[in-house]
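File shown: start-v9.txt (compact mmCIF, N, CA and C atoms).
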```txt
# COMPACT_ATOMS: atom_id res chain seq x y z
N MET A 1 -8.63 -58.72 -38.74
CA MET A 1 -7.48 -57.85 -38.52
C MET A 1 -7.76 -56.47 -39.12
N ASN A 2 -7.17 -55.46 -38.51
CA ASN A 2 -7.36 -54.10 -39.00
C ASN A 2 -6.13 -53.62 -39.77
N ASP A 3 -6.19 -52.38 -40.27
CA ASP A 3 -5.10 -51.84 -41.08
C ASP A 3 -3.76 -51.85 -40.35
N THR A 4 -3.76 -51.48 -39.09
CA THR A 4 -2.50 -51.43 -38.33
C THR A 4 -1.91 -52.82 -38.17
N GLU A 5 -2.73 -53.79 -37.85
CA GLU A 5 -2.24 -55.17 -37.67
C GLU A 5 -1.70 -55.74 -38.99
N LEU A 6 -2.40 -55.47 -40.08
CA LEU A 6 -1.96 -55.99 -41.37
C LEU A 6 -0.70 -55.27 -41.85
N MET A 7 -0.59 -53.96 -41.59
CA MET A 7 0.63 -53.25 -41.95
C MET A 7 1.80 -53.76 -41.12
N GLN A 8 1.55 -54.12 -39.86
CA GLN A 8 2.63 -54.66 -39.03
C GLN A 8 3.18 -55.95 -39.64
N ILE A 9 2.33 -56.75 -40.23
CA ILE A 9 2.79 -57.97 -40.91
C ILE A 9 3.68 -57.59 -42.09
N ALA A 10 3.28 -56.57 -42.85
CA ALA A 10 4.11 -56.11 -43.97
C ALA A 10 5.46 -55.61 -43.46
N ILE A 11 5.46 -54.89 -42.36
CA ILE A 11 6.72 -54.41 -41.77
C ILE A 11 7.57 -55.59 -41.30
N ASP A 12 6.95 -56.58 -40.71
CA ASP A 12 7.69 -57.78 -40.29
C ASP A 12 8.36 -58.45 -41.49
N GLU A 13 7.67 -58.48 -42.62
CA GLU A 13 8.26 -59.03 -43.85
C GLU A 13 9.45 -58.18 -44.30
N ALA A 14 9.32 -56.86 -44.17
CA ALA A 14 10.42 -55.97 -44.53
C ALA A 14 11.64 -56.24 -43.66
N VAL A 15 11.42 -56.45 -42.38
CA VAL A 15 12.53 -56.75 -41.46
C VAL A 15 13.19 -58.07 -41.85
N LYS A 16 12.40 -59.07 -42.18
CA LYS A 16 12.97 -60.35 -42.63
C LYS A 16 13.85 -60.15 -43.86
N GLY A 17 13.37 -59.35 -44.79
CA GLY A 17 14.15 -59.06 -45.99
C GLY A 17 15.48 -58.42 -45.65
N LEU A 18 15.45 -57.45 -44.76
CA LEU A 18 16.67 -56.77 -44.34
C LEU A 18 17.63 -57.75 -43.68
N GLU A 19 17.12 -58.61 -42.82
CA GLU A 19 17.95 -59.60 -42.13
C GLU A 19 18.57 -60.60 -43.10
N LEU A 20 17.91 -60.85 -44.21
CA LEU A 20 18.40 -61.83 -45.19
C LEU A 20 19.22 -61.19 -46.31
N GLY A 21 19.46 -59.88 -46.20
CA GLY A 21 20.31 -59.21 -47.18
C GLY A 21 19.59 -58.62 -48.37
N ASP A 22 18.28 -58.59 -48.32
CA ASP A 22 17.50 -57.97 -49.38
C ASP A 22 17.08 -56.57 -48.93
N GLN A 23 16.37 -55.87 -49.78
CA GLN A 23 15.88 -54.55 -49.43
C GLN A 23 14.71 -54.69 -48.45
N PRO A 24 14.55 -53.73 -47.54
CA PRO A 24 13.56 -53.86 -46.46
C PRO A 24 12.16 -53.39 -46.84
N PHE A 25 11.53 -54.11 -47.74
CA PHE A 25 10.18 -53.77 -48.15
C PHE A 25 9.30 -55.01 -48.04
N GLY A 26 8.11 -54.83 -47.47
CA GLY A 26 7.19 -55.95 -47.29
C GLY A 26 5.80 -55.59 -47.77
N ALA A 27 5.01 -56.62 -48.02
CA ALA A 27 3.64 -56.43 -48.50
C ALA A 27 2.74 -57.55 -47.99
N VAL A 28 1.47 -57.23 -47.88
CA VAL A 28 0.45 -58.20 -47.49
C VAL A 28 -0.76 -57.97 -48.38
N LEU A 29 -1.27 -59.03 -48.95
CA LEU A 29 -2.53 -58.98 -49.69
C LEU A 29 -3.58 -59.60 -48.78
N ALA A 30 -4.65 -58.85 -48.52
CA ALA A 30 -5.69 -59.32 -47.60
C ALA A 30 -7.07 -59.00 -48.14
N LYS A 31 -8.02 -59.75 -47.67
CA LYS A 31 -9.43 -59.49 -48.02
C LYS A 31 -10.28 -59.77 -46.79
N ASP A 32 -11.16 -58.85 -46.48
CA ASP A 32 -12.02 -58.96 -45.31
C ASP A 32 -11.22 -59.21 -44.03
N GLY A 33 -10.06 -58.57 -43.92
CA GLY A 33 -9.23 -58.68 -42.73
C GLY A 33 -8.45 -59.97 -42.60
N GLU A 34 -8.50 -60.81 -43.63
CA GLU A 34 -7.77 -62.09 -43.62
C GLU A 34 -6.63 -62.05 -44.62
N VAL A 35 -5.47 -62.52 -44.21
CA VAL A 35 -4.30 -62.53 -45.08
C VAL A 35 -4.48 -63.57 -46.19
N ILE A 36 -4.30 -63.12 -47.41
CA ILE A 36 -4.28 -64.04 -48.56
C ILE A 36 -2.84 -64.50 -48.79
N GLN A 37 -1.92 -63.53 -48.78
CA GLN A 37 -0.50 -63.85 -49.03
C GLN A 37 0.36 -62.69 -48.56
N THR A 38 1.59 -63.01 -48.20
CA THR A 38 2.57 -61.98 -47.85
C THR A 38 3.70 -62.02 -48.88
N GLY A 39 4.48 -60.97 -48.89
CA GLY A 39 5.64 -60.92 -49.77
C GLY A 39 6.67 -59.98 -49.20
N ARG A 40 7.91 -60.21 -49.55
CA ARG A 40 8.99 -59.29 -49.19
C ARG A 40 9.92 -59.19 -50.38
N ASN A 41 10.67 -58.14 -50.42
CA ASN A 41 11.61 -57.95 -51.52
C ASN A 41 12.65 -59.06 -51.47
N ILE A 42 12.77 -59.81 -52.56
CA ILE A 42 13.78 -60.88 -52.66
C ILE A 42 14.62 -60.69 -53.93
N GLU A 43 14.69 -59.46 -54.36
CA GLU A 43 15.39 -59.10 -55.58
C GLU A 43 16.86 -59.54 -55.55
N TYR A 44 17.57 -59.20 -54.49
CA TYR A 44 19.00 -59.53 -54.40
C TYR A 44 19.24 -61.03 -54.24
N SER A 45 18.43 -61.69 -53.43
CA SER A 45 18.66 -63.11 -53.17
C SER A 45 18.25 -64.01 -54.32
N THR A 46 17.38 -63.51 -55.21
CA THR A 46 16.94 -64.33 -56.34
C THR A 46 17.49 -63.83 -57.67
N PHE A 47 18.16 -62.68 -57.66
CA PHE A 47 18.66 -62.06 -58.88
C PHE A 47 17.53 -61.82 -59.88
N ASP A 48 16.37 -61.44 -59.33
CA ASP A 48 15.17 -61.18 -60.13
C ASP A 48 14.76 -59.72 -59.91
N PRO A 49 14.95 -58.86 -60.90
CA PRO A 49 14.62 -57.45 -60.72
C PRO A 49 13.13 -57.18 -60.55
N THR A 50 12.29 -58.17 -60.79
CA THR A 50 10.85 -57.98 -60.60
C THR A 50 10.37 -58.51 -59.26
N ALA A 51 11.24 -59.06 -58.45
CA ALA A 51 10.84 -59.70 -57.19
C ALA A 51 10.73 -58.69 -56.05
N HIS A 52 9.88 -57.71 -56.26
CA HIS A 52 9.58 -56.72 -55.23
C HIS A 52 8.50 -57.29 -54.32
N ALA A 53 8.37 -56.74 -53.13
CA ALA A 53 7.42 -57.27 -52.15
C ALA A 53 6.01 -57.40 -52.71
N GLU A 54 5.55 -56.37 -53.40
CA GLU A 54 4.18 -56.38 -53.91
C GLU A 54 3.99 -57.43 -54.99
N THR A 55 4.94 -57.55 -55.91
CA THR A 55 4.79 -58.53 -56.98
C THR A 55 4.92 -59.95 -56.45
N VAL A 56 5.77 -60.14 -55.44
CA VAL A 56 5.90 -61.46 -54.82
C VAL A 56 4.57 -61.85 -54.15
N ALA A 57 3.97 -60.92 -53.40
CA ALA A 57 2.69 -61.20 -52.75
C ALA A 57 1.61 -61.52 -53.78
N LEU A 58 1.54 -60.73 -54.84
CA LEU A 58 0.52 -60.97 -55.87
C LEU A 58 0.76 -62.28 -56.61
N ARG A 59 2.02 -62.55 -56.96
CA ARG A 59 2.36 -63.79 -57.67
C ARG A 59 2.01 -65.01 -56.82
N ASP A 60 2.43 -64.98 -55.55
CA ASP A 60 2.16 -66.11 -54.67
C ASP A 60 0.67 -66.26 -54.38
N ALA A 61 -0.04 -65.14 -54.28
CA ALA A 61 -1.49 -65.19 -54.08
C ALA A 61 -2.17 -65.82 -55.29
N GLY A 62 -1.73 -65.45 -56.47
CA GLY A 62 -2.30 -66.05 -57.68
C GLY A 62 -2.10 -67.55 -57.72
N ILE A 63 -0.90 -67.99 -57.36
CA ILE A 63 -0.60 -69.42 -57.35
C ILE A 63 -1.42 -70.15 -56.29
N SER A 64 -1.49 -69.58 -55.09
CA SER A 64 -2.18 -70.28 -54.00
C SER A 64 -3.69 -70.29 -54.17
N THR A 65 -4.25 -69.26 -54.80
CA THR A 65 -5.71 -69.20 -54.97
C THR A 65 -6.17 -69.56 -56.38
N LYS A 66 -5.20 -69.71 -57.27
CA LYS A 66 -5.49 -69.98 -58.67
C LYS A 66 -6.39 -68.88 -59.27
N ALA A 67 -6.01 -67.64 -58.95
CA ALA A 67 -6.75 -66.47 -59.44
C ALA A 67 -5.76 -65.44 -59.98
N LEU A 68 -6.23 -64.64 -60.90
CA LEU A 68 -5.41 -63.55 -61.45
C LEU A 68 -5.89 -62.20 -60.98
N SER A 69 -7.07 -62.15 -60.41
CA SER A 69 -7.68 -60.88 -60.04
C SER A 69 -8.14 -60.96 -58.59
N PHE A 70 -8.01 -59.82 -57.89
CA PHE A 70 -8.34 -59.79 -56.47
C PHE A 70 -9.25 -58.61 -56.13
N PRO A 71 -10.44 -58.56 -56.75
CA PRO A 71 -11.37 -57.48 -56.43
C PRO A 71 -11.79 -57.59 -54.96
N GLY A 72 -11.90 -56.44 -54.33
CA GLY A 72 -12.27 -56.41 -52.92
C GLY A 72 -11.10 -56.60 -51.98
N ALA A 73 -9.92 -56.89 -52.53
CA ALA A 73 -8.74 -57.10 -51.70
C ALA A 73 -8.00 -55.78 -51.46
N THR A 74 -7.22 -55.78 -50.39
CA THR A 74 -6.37 -54.65 -50.04
C THR A 74 -4.93 -55.11 -50.03
N LEU A 75 -4.06 -54.31 -50.62
CA LEU A 75 -2.63 -54.59 -50.56
C LEU A 75 -1.99 -53.59 -49.61
N TYR A 76 -1.31 -54.10 -48.60
CA TYR A 76 -0.57 -53.30 -47.63
C TYR A 76 0.89 -53.31 -48.03
N ALA A 77 1.45 -52.15 -48.27
CA ALA A 77 2.86 -52.03 -48.67
C ALA A 77 3.58 -51.21 -47.61
N SER A 78 4.66 -51.76 -47.08
CA SER A 78 5.40 -51.04 -46.05
C SER A 78 6.06 -49.78 -46.59
N TRP A 79 6.19 -49.72 -47.92
CA TRP A 79 6.82 -48.57 -48.56
C TRP A 79 6.09 -48.28 -49.87
N GLU A 80 6.12 -47.03 -50.27
CA GLU A 80 5.46 -46.62 -51.51
C GLU A 80 5.92 -47.50 -52.67
N PRO A 81 5.00 -48.14 -53.39
CA PRO A 81 5.40 -49.03 -54.47
C PRO A 81 5.98 -48.27 -55.68
N CYS A 82 6.88 -48.95 -56.36
CA CYS A 82 7.44 -48.40 -57.59
C CYS A 82 6.39 -48.46 -58.69
N PRO A 83 6.63 -47.82 -59.82
CA PRO A 83 5.65 -47.85 -60.91
C PRO A 83 5.33 -49.27 -61.40
N MET A 84 6.33 -50.16 -61.44
CA MET A 84 6.07 -51.53 -61.87
C MET A 84 5.09 -52.21 -60.93
N CYS A 85 5.32 -52.07 -59.64
CA CYS A 85 4.45 -52.71 -58.66
C CYS A 85 3.06 -52.10 -58.65
N LEU A 86 2.97 -50.79 -58.79
CA LEU A 86 1.66 -50.16 -58.85
C LEU A 86 0.89 -50.66 -60.07
N GLY A 87 1.58 -50.83 -61.19
CA GLY A 87 0.93 -51.39 -62.38
C GLY A 87 0.41 -52.80 -62.12
N ALA A 88 1.20 -53.61 -61.41
CA ALA A 88 0.77 -54.98 -61.09
C ALA A 88 -0.44 -54.96 -60.16
N ILE A 89 -0.44 -54.05 -59.20
CA ILE A 89 -1.57 -53.92 -58.27
C ILE A 89 -2.83 -53.56 -59.04
N MET A 90 -2.73 -52.63 -59.97
CA MET A 90 -3.89 -52.25 -60.78
C MET A 90 -4.31 -53.39 -61.70
N ALA A 91 -3.35 -54.07 -62.32
CA ALA A 91 -3.67 -55.17 -63.23
C ALA A 91 -4.36 -56.32 -62.50
N ALA A 92 -4.02 -56.50 -61.22
CA ALA A 92 -4.61 -57.58 -60.42
C ALA A 92 -5.98 -57.20 -59.86
N GLY A 93 -6.44 -56.00 -60.15
CA GLY A 93 -7.77 -55.60 -59.71
C GLY A 93 -7.90 -55.40 -58.21
N VAL A 94 -6.79 -55.13 -57.53
CA VAL A 94 -6.84 -54.86 -56.10
C VAL A 94 -7.67 -53.58 -55.90
N SER A 95 -8.53 -53.58 -54.90
CA SER A 95 -9.45 -52.46 -54.70
C SER A 95 -8.89 -51.35 -53.83
N ARG A 96 -7.93 -51.69 -52.97
CA ARG A 96 -7.42 -50.69 -52.03
C ARG A 96 -5.94 -50.91 -51.80
N LEU A 97 -5.21 -49.80 -51.70
CA LEU A 97 -3.78 -49.81 -51.42
C LEU A 97 -3.54 -49.02 -50.15
N VAL A 98 -2.83 -49.63 -49.19
CA VAL A 98 -2.51 -48.97 -47.93
C VAL A 98 -1.00 -48.88 -47.84
N LEU A 99 -0.50 -47.64 -47.63
CA LEU A 99 0.94 -47.39 -47.58
C LEU A 99 1.42 -47.09 -46.18
N GLY A 100 2.63 -47.58 -45.90
CA GLY A 100 3.34 -47.21 -44.69
C GLY A 100 4.20 -46.00 -44.99
N GLY A 101 5.50 -46.23 -45.21
CA GLY A 101 6.43 -45.14 -45.47
C GLY A 101 6.42 -44.68 -46.91
N ARG A 102 7.00 -43.48 -47.10
CA ARG A 102 7.12 -42.90 -48.43
C ARG A 102 8.48 -42.25 -48.54
N GLY A 103 8.93 -42.06 -49.77
CA GLY A 103 10.25 -41.54 -50.04
C GLY A 103 10.65 -40.29 -49.30
N SER A 104 9.84 -39.28 -49.33
CA SER A 104 10.21 -38.02 -48.69
C SER A 104 9.50 -37.82 -47.37
N GLY A 105 8.71 -38.80 -46.96
CA GLY A 105 7.91 -38.64 -45.77
C GLY A 105 6.57 -37.99 -46.08
N THR A 106 6.47 -37.33 -47.23
CA THR A 106 5.21 -36.70 -47.62
C THR A 106 4.73 -37.21 -48.97
N GLY A 107 5.45 -38.14 -49.55
CA GLY A 107 5.01 -38.72 -50.82
C GLY A 107 6.00 -38.45 -51.92
N GLY A 108 6.13 -39.39 -52.82
CA GLY A 108 6.94 -39.19 -54.01
C GLY A 108 8.38 -39.63 -53.89
N GLN A 109 8.61 -40.92 -53.77
CA GLN A 109 9.97 -41.45 -53.71
C GLN A 109 10.64 -41.37 -55.08
N TYR A 110 9.86 -41.48 -56.12
CA TYR A 110 10.41 -41.52 -57.47
C TYR A 110 10.25 -40.15 -58.12
N SER A 111 11.26 -39.72 -58.79
CA SER A 111 11.29 -38.38 -59.38
C SER A 111 10.09 -38.16 -60.30
N GLY A 112 9.36 -37.11 -60.01
CA GLY A 112 8.29 -36.70 -60.91
C GLY A 112 6.97 -37.42 -60.76
N TYR A 113 6.85 -38.30 -59.78
CA TYR A 113 5.56 -38.96 -59.65
C TYR A 113 5.26 -39.27 -58.19
N THR A 114 4.01 -39.41 -57.92
CA THR A 114 3.53 -39.97 -56.66
C THR A 114 2.55 -41.08 -57.04
N VAL A 115 2.27 -41.94 -56.10
CA VAL A 115 1.28 -42.99 -56.35
C VAL A 115 -0.04 -42.33 -56.76
N GLU A 116 -0.39 -41.24 -56.08
CA GLU A 116 -1.63 -40.55 -56.41
C GLU A 116 -1.65 -40.12 -57.88
N LYS A 117 -0.53 -39.57 -58.34
CA LYS A 117 -0.47 -39.09 -59.72
C LYS A 117 -0.59 -40.24 -60.71
N LEU A 118 0.08 -41.35 -60.43
CA LEU A 118 -0.01 -42.49 -61.35
C LEU A 118 -1.40 -43.10 -61.37
N ILE A 119 -2.04 -43.17 -60.22
CA ILE A 119 -3.42 -43.67 -60.18
C ILE A 119 -4.31 -42.78 -61.03
N GLU A 120 -4.11 -41.48 -60.91
CA GLU A 120 -4.89 -40.53 -61.71
C GLU A 120 -4.59 -40.67 -63.20
N LEU A 121 -3.31 -40.75 -63.56
CA LEU A 121 -2.93 -40.88 -64.97
C LEU A 121 -3.48 -42.16 -65.60
N ALA A 122 -3.55 -43.23 -64.80
CA ALA A 122 -4.07 -44.50 -65.30
C ALA A 122 -5.60 -44.54 -65.27
N ASN A 123 -6.21 -43.45 -64.81
CA ASN A 123 -7.66 -43.37 -64.71
C ASN A 123 -8.21 -44.49 -63.81
N PHE A 124 -7.51 -44.72 -62.69
CA PHE A 124 -7.90 -45.77 -61.75
C PHE A 124 -8.46 -45.21 -60.45
N GLY A 125 -8.70 -43.89 -60.40
CA GLY A 125 -9.17 -43.27 -59.18
C GLY A 125 -10.46 -43.86 -58.63
N ASP A 126 -11.31 -44.36 -59.50
CA ASP A 126 -12.56 -44.97 -59.05
C ASP A 126 -12.43 -46.47 -58.84
N LYS A 127 -11.25 -47.03 -59.13
CA LYS A 127 -11.05 -48.48 -59.01
C LYS A 127 -10.11 -48.86 -57.88
N LEU A 128 -9.23 -47.93 -57.48
CA LEU A 128 -8.22 -48.22 -56.46
C LEU A 128 -8.20 -47.08 -55.45
N SER A 129 -8.66 -47.37 -54.25
CA SER A 129 -8.61 -46.34 -53.21
C SER A 129 -7.26 -46.42 -52.50
N LEU A 130 -6.84 -45.30 -51.92
CA LEU A 130 -5.52 -45.19 -51.33
C LEU A 130 -5.63 -44.66 -49.91
N THR A 131 -4.92 -45.33 -49.01
CA THR A 131 -4.78 -44.88 -47.63
C THR A 131 -3.28 -44.79 -47.36
N THR A 132 -2.85 -43.68 -46.78
CA THR A 132 -1.42 -43.48 -46.53
C THR A 132 -1.15 -43.28 -45.04
N GLY A 133 0.11 -43.47 -44.66
CA GLY A 133 0.56 -43.13 -43.33
C GLY A 133 0.30 -44.15 -42.24
N VAL A 134 -0.07 -45.38 -42.58
CA VAL A 134 -0.31 -46.41 -41.57
C VAL A 134 1.05 -46.96 -41.12
N LEU A 135 1.38 -46.76 -39.87
CA LEU A 135 2.69 -47.13 -39.29
C LEU A 135 3.84 -46.54 -40.10
N GLN A 136 3.65 -45.31 -40.53
CA GLN A 136 4.64 -44.64 -41.37
C GLN A 136 5.99 -44.53 -40.66
N LYS A 137 6.00 -44.11 -39.43
CA LYS A 137 7.25 -43.93 -38.69
C LYS A 137 8.03 -45.24 -38.60
N GLU A 138 7.33 -46.33 -38.29
CA GLU A 138 7.97 -47.64 -38.17
C GLU A 138 8.56 -48.08 -39.50
N SER A 139 7.81 -47.86 -40.58
CA SER A 139 8.29 -48.23 -41.91
C SER A 139 9.52 -47.42 -42.29
N GLU A 140 9.49 -46.13 -42.01
CA GLU A 140 10.62 -45.27 -42.35
C GLU A 140 11.86 -45.59 -41.53
N GLU A 141 11.69 -46.00 -40.28
CA GLU A 141 12.84 -46.37 -39.45
C GLU A 141 13.60 -47.54 -40.05
N ILE A 142 12.89 -48.52 -40.56
CA ILE A 142 13.54 -49.70 -41.15
C ILE A 142 14.31 -49.31 -42.40
N VAL A 143 13.70 -48.52 -43.25
CA VAL A 143 14.36 -48.09 -44.48
C VAL A 143 15.57 -47.21 -44.16
N ASN A 144 15.43 -46.33 -43.19
CA ASN A 144 16.56 -45.48 -42.80
C ASN A 144 17.72 -46.31 -42.24
N LYS A 145 17.41 -47.35 -41.50
CA LYS A 145 18.44 -48.26 -40.98
C LYS A 145 19.20 -48.92 -42.14
N TRP A 146 18.46 -49.36 -43.12
CA TRP A 146 19.06 -50.00 -44.30
C TRP A 146 19.93 -49.00 -45.07
N ARG A 147 19.39 -47.81 -45.28
CA ARG A 147 20.14 -46.80 -46.03
C ARG A 147 21.42 -46.40 -45.31
N SER A 148 21.39 -46.29 -43.99
CA SER A 148 22.58 -45.89 -43.25
C SER A 148 23.65 -46.99 -43.24
N ALA A 149 23.24 -48.23 -43.45
CA ALA A 149 24.18 -49.36 -43.46
C ALA A 149 24.86 -49.51 -44.82
N GLN A 150 24.36 -48.83 -45.84
CA GLN A 150 24.93 -48.97 -47.18
C GLN A 150 26.17 -48.14 -47.36
```
Can the structure in the file be given as structure tokens, please?
Amino acid sequence: MNDTELMQIAIDEAVKGLELGDQPFGAVLAKDGEVIQTGRNIEYSTFDPTAHAETVALRDAGISTKALSFPGATLYASWEPCPMCLGAIMAAGVSRLVLGGRGSGTGGQYSGYTVEKLIELANFGDKLSLTTGVLQKESEEIVNKWRSAQ
């Protein structure tokens, strides 16, 4: 599978989350084009503030593979990850992060930071590569639908 196909799976997870009353964010952890695990935001349905799409995918991947580290793996996030999730991605040794939508459409959903800036501050530029804008429009449409319904 390629980046677009894997991001579509993350978007499908985001749609499931929205349909189930959670926030519309999805993630896929993959290696060599094969899905290791998927995740979607289940924060509201589980009353767990750490149950973001990325952490769910990483947690479930760890359980299913009995591993804590995923070198060579790529995490596809339908939306720019929060600082907590980005920290988990780095801690799990993920090699590549692929983003769909972003807060302003050009980067930086959270005040004062972008994923690029946090990667740089953590000195992870040589450990975590970043690709942005994969199915960005589709990702942003889902989030905008959710925001307009609130």
Looking at only C-alpha atoms, which of A:Thr74, A:Ser95, A:Thr38, A:Gln23 is the one that sits closest to Ala149 (chain A)? A:Gln23
Contact residues around Leu68 (chain A) with only C-alpha atoms at 10 Å, ignoring same-chain residues under 5 positions, as a VMD selection string: chain A and resid 58 to 59 61 to 63 91 to 93
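With only C-alpha atoms as the atoms that count, the minimum distance from Asn144 (chain A) to the choices A:Met7, A:Ile36, A:Gly103, A:Ser45 is reached by A:Gly103.
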Sorted by chain and rising residue number, list the residues of region 63-97 of chain A at most 8 Å from region 112-121 of chain A (counting all atoms listed in the file), each with its closest atom pair and distance in Å to one decimal, as CSV.
```
residue,atom,partner,partner_atom,distance
A:Glu80,CA,A:Val115,N,7.3
A:Pro81,N,A:Val115,CA,7.0
A:Cys82,C,A:Val115,CA,7.8
A:Pro83,CA,A:Leu118,CA,7.8
A:Leu86,CA,A:Val115,CA,7.6
```
Within-7 Å shell of (-9.8, -57.9, -50.0) in input frame, all atoms listed in the file, as a CSV table (one decimal) with N, CA and C atoms, keeping the file's coordinate frame:
```csv
chain,number,residue,atom,x,y,z
A,29,LEU,N,-1.3,-59.0,-49.0
A,29,LEU,CA,-2.5,-59.0,-49.7
A,29,LEU,C,-3.6,-59.6,-48.8
A,30,ALA,N,-4.6,-58.8,-48.5
A,30,ALA,CA,-5.7,-59.3,-47.6
A,30,ALA,C,-7.1,-59.0,-48.1
A,31,LYS,N,-8.0,-59.8,-47.7
A,31,LYS,CA,-9.4,-59.5,-48.0
A,31,LYS,C,-10.3,-59.8,-46.8
A,32,ASP,N,-11.2,-58.8,-46.5
A,32,ASP,CA,-12.0,-59.0,-45.3
A,32,ASP,C,-11.2,-59.2,-44.0
A,33,GLY,N,-10.1,-58.6,-43.9
A,33,GLY,CA,-9.2,-58.7,-42.7
A,33,GLY,C,-8.4,-60.0,-42.6
A,70,PHE,N,-8.0,-59.8,-57.9
A,70,PHE,CA,-8.3,-59.8,-56.5
A,70,PHE,C,-9.2,-58.6,-56.1
A,71,PRO,N,-10.4,-58.6,-56.8
A,71,PRO,CA,-11.4,-57.5,-56.4
A,71,PRO,C,-11.8,-57.6,-55.0
A,72,GLY,N,-11.9,-56.4,-54.3
A,72,GLY,CA,-12.3,-56.4,-52.9
A,72,GLY,C,-11.1,-56.6,-52.0
A,73,ALA,N,-9.9,-56.9,-52.5
A,73,ALA,CA,-8.7,-57.1,-51.7
A,73,ALA,C,-8.0,-55.8,-51.5
A,74,THR,N,-7.2,-55.8,-50.4
A,74,THR,CA,-6.4,-54.6,-50.0
A,74,THR,C,-4.9,-55.1,-50.0
A,75,LEU,N,-4.1,-54.3,-50.6
A,75,LEU,CA,-2.6,-54.6,-50.6
A,75,LEU,C,-2.0,-53.6,-49.6
A,95,SER,N,-8.5,-53.6,-54.9
A,95,SER,CA,-9.4,-52.5,-54.7
A,95,SER,C,-8.9,-51.4,-53.8
```
Shortest contact to Met90 (chain A), candidates A:Thr65, A:Ser148, A:Thr55, A:Ser78, atoms counted only C-alpha atoms, goes to A:Thr55
